[in-house]
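Visitor: Here it is, the structure in full.
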Amino acid sequence: MNQTSDISNRDIVVVGLQPWDTIIGSNCKDIALQFSKQNRVLYVNYPLDRNTLFRNRADPKVQKRLNVIRGKENGLVKIQENLWNLYPDSIAESINWIKNERIFDFLNRINNKRLAKSILKAVKELGFTDFILFDDNDIIRTFYLKEMLKPAISVYYYRDYILGVDYWKVHGTKLEPLLLAKSDVCVANSYYFADYCRQFNPHSYFVGQGCDLTMFTNRDDLAAPADMIGLPAPVIGYVGALESLRLDLGIIEYIAMQHPDWSVVLVGPEDSVFNKSGLHEIKNIHFLGAKKPEELPAYIKAFDVCLNPQLISKVTIGNYPRKIDEYLAMGKPVVATATQLMRNVFAGHTYLGLTKEDYVPNIEKALAENSTELQEARIQYAQSHSWENHVKEIYKAILKIS
């Protein structure tokens, strides 16, 4: 076994769920950027599928992919030194609706073959050899790539329970265990996911999570947002998407009802359940709506205690909530649901509970204990969860089988 803990001067092909031109934050893009500091990286967008073409033909992103497929534009784009983005010059058939497994598998092989052909063409043009294949949580479009691309090492990156989504559940329930088993190594951003992967592949490892906390550090200059001025203290706040699939509305209601003197502030877009809920009728709960990412640090700074009232389910139980690092990076006390990951990773720097009744005394304790020393400790701990450290753990996992 290689005794070093680093990988350098290698070629890495990254495939997965998020294209480079996604408008949302992307674990995989951040990892690829970190890979490219010491290696050459080809980041592959998933191919345009026929259903998306039919529904969104006028979308500039679809037009870009069509131009590549038609040969009007080069699909291989250099992003920066050591990093290229590939728009596949092929179209994928939309097959997820097909229930017959044999027909689905036949067409999925065709889709994989088309994608593999595009990748191999780019690999040849770039002069990649003995490359590492890094699959970001895709279980259908990349299912046969190990056999077709013949990488030196194949890595499956498990960061989200996508089988909780109906689309992936149709065929993913069968394919995911098979893909985990045939990958050379599996890496996961939570202990729960690592344990799950280990059922199918003994070479499965927890590698933590990386975060870019630049926006959330050294922000003493931030003023309170206008829509928070005048709210009675203490302010107990949450920042992020308000999704009933992931958050426990009962916890939020209980906190507000038990302490009408507290201001419970929720910052983020609401799903239909939140929007129609009775939480809007409780006077000390304040819905402030969606904000731009660069505005969020000012809201967190204005909170006295930060919340993550996570609902425990198959969809959420293994997730790594990056917002915890963002809260801690600003020195804030955090009260959250005691998932396995929270207990294993954040127990020493947060207040954790399992029930709504646990939340109120934890918030009271967080308010009473807060100090400059604790704030500094939280900031230092959050900074340890960098993308550099995350990728080093991925390298260590790969090197265990090299």
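In the structure tokens, chains take letters A, B, ... by order of appearance, with residues numbered from 1 within each chain and ligands from 1 in the order shown.
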Hey, what does DSSP flag as helix (DSSP H, G or I) within segment 12-210 of chain A? Can you give it to me as an MDAnalysis selection string?
Guide: chainID A and resid 27:35 50:55 60:69 101:126 145:149 162:164 166:182 191:198
Visitor: Could you pull the residues within 12 Å of Leu76 of chain A, counting only C-alpha atoms, minus those fewer than 3 positions along the same chain, as a ChimeraX atom specification?
Guide: /A:42-45,65,68-69,71,73,79,83-89,118-126
Visitor: Skipping near chain neighbours, those fewer than 2 positions away, what residues fall within 10 Å of Glu93 of chain A using only C-alpha atoms, listed as a list in words?
Guide: Pro47, Leu48, Asp49, Arg50, Asn51, Ser90, Ile91, Ile95, Asn96, Leu107, Asn108, Ile110 and Asn111 of chain A
Visitor: Could you find all residues in segment 21-140 of chain A that DSSP calls strand (DSSP E) from the backbone, and write them as a PyMOL selection string?
Guide: chain A and resi 40-44+48-49+76-80+83-86+91-92+132-136
Visitor: I'd like to know which of A:Tyr320, A:Leu66, A:His280, A:Gly25 is closest to Arg343 of chain A, using only C-alpha atoms.
Guide: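 Distance minimum relative to Arg343 of chain A lands on A:Tyr320.
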Visitor: How many Å lie between atom CA of Leu279 of chain A and atom CA of Ser263 of chain A, rounded to one decimal?
Guide: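 Separation of atom CA of Leu279 of chain A and atom CA of Ser263 of chain A: 12.8 Å.
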Visitor: When you count only C-alpha atoms, which of these residues is closest to Gly250 of chain A: A:Ile236, A:Ile300, A:Leu311, A:Ile324?
Guide: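 Closest residue, counting only C-alpha atoms: A:Leu311.
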Visitor: For Ser386 of chain A, find every residue with an atom within 6 Å (counting only C-alpha atoms), except residues of its own chain fewer than 3 positions away, and show them as a list in words.
Guide: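 The contact residues come out as Gly210, Cys211 and Asn389 of chain A.
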Visitor: Next, the residues of the selection above should be written as a CSV table (one decimal), in the first residue's frame with C-alpha atoms.
Guide:
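Contents of part-v2.csv, freshly written:
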```
chain,number,residue,atom,x,y,z
A,210,GLY,CA,-15.5,20.3,2.7
A,211,CYS,CA,-16.9,23.8,2.9
A,389,ASN,CA,-8.8,18.5,4.1
```
Visitor: Env of Leu249 of chain A: 9 Å cut, atoms = only C-alpha atoms, seq-sep filter 4 positions within chain, self excluded. Answer as a ChimeraX atom specification.
Guide: /A:244,253-254,274,277,279,309,311
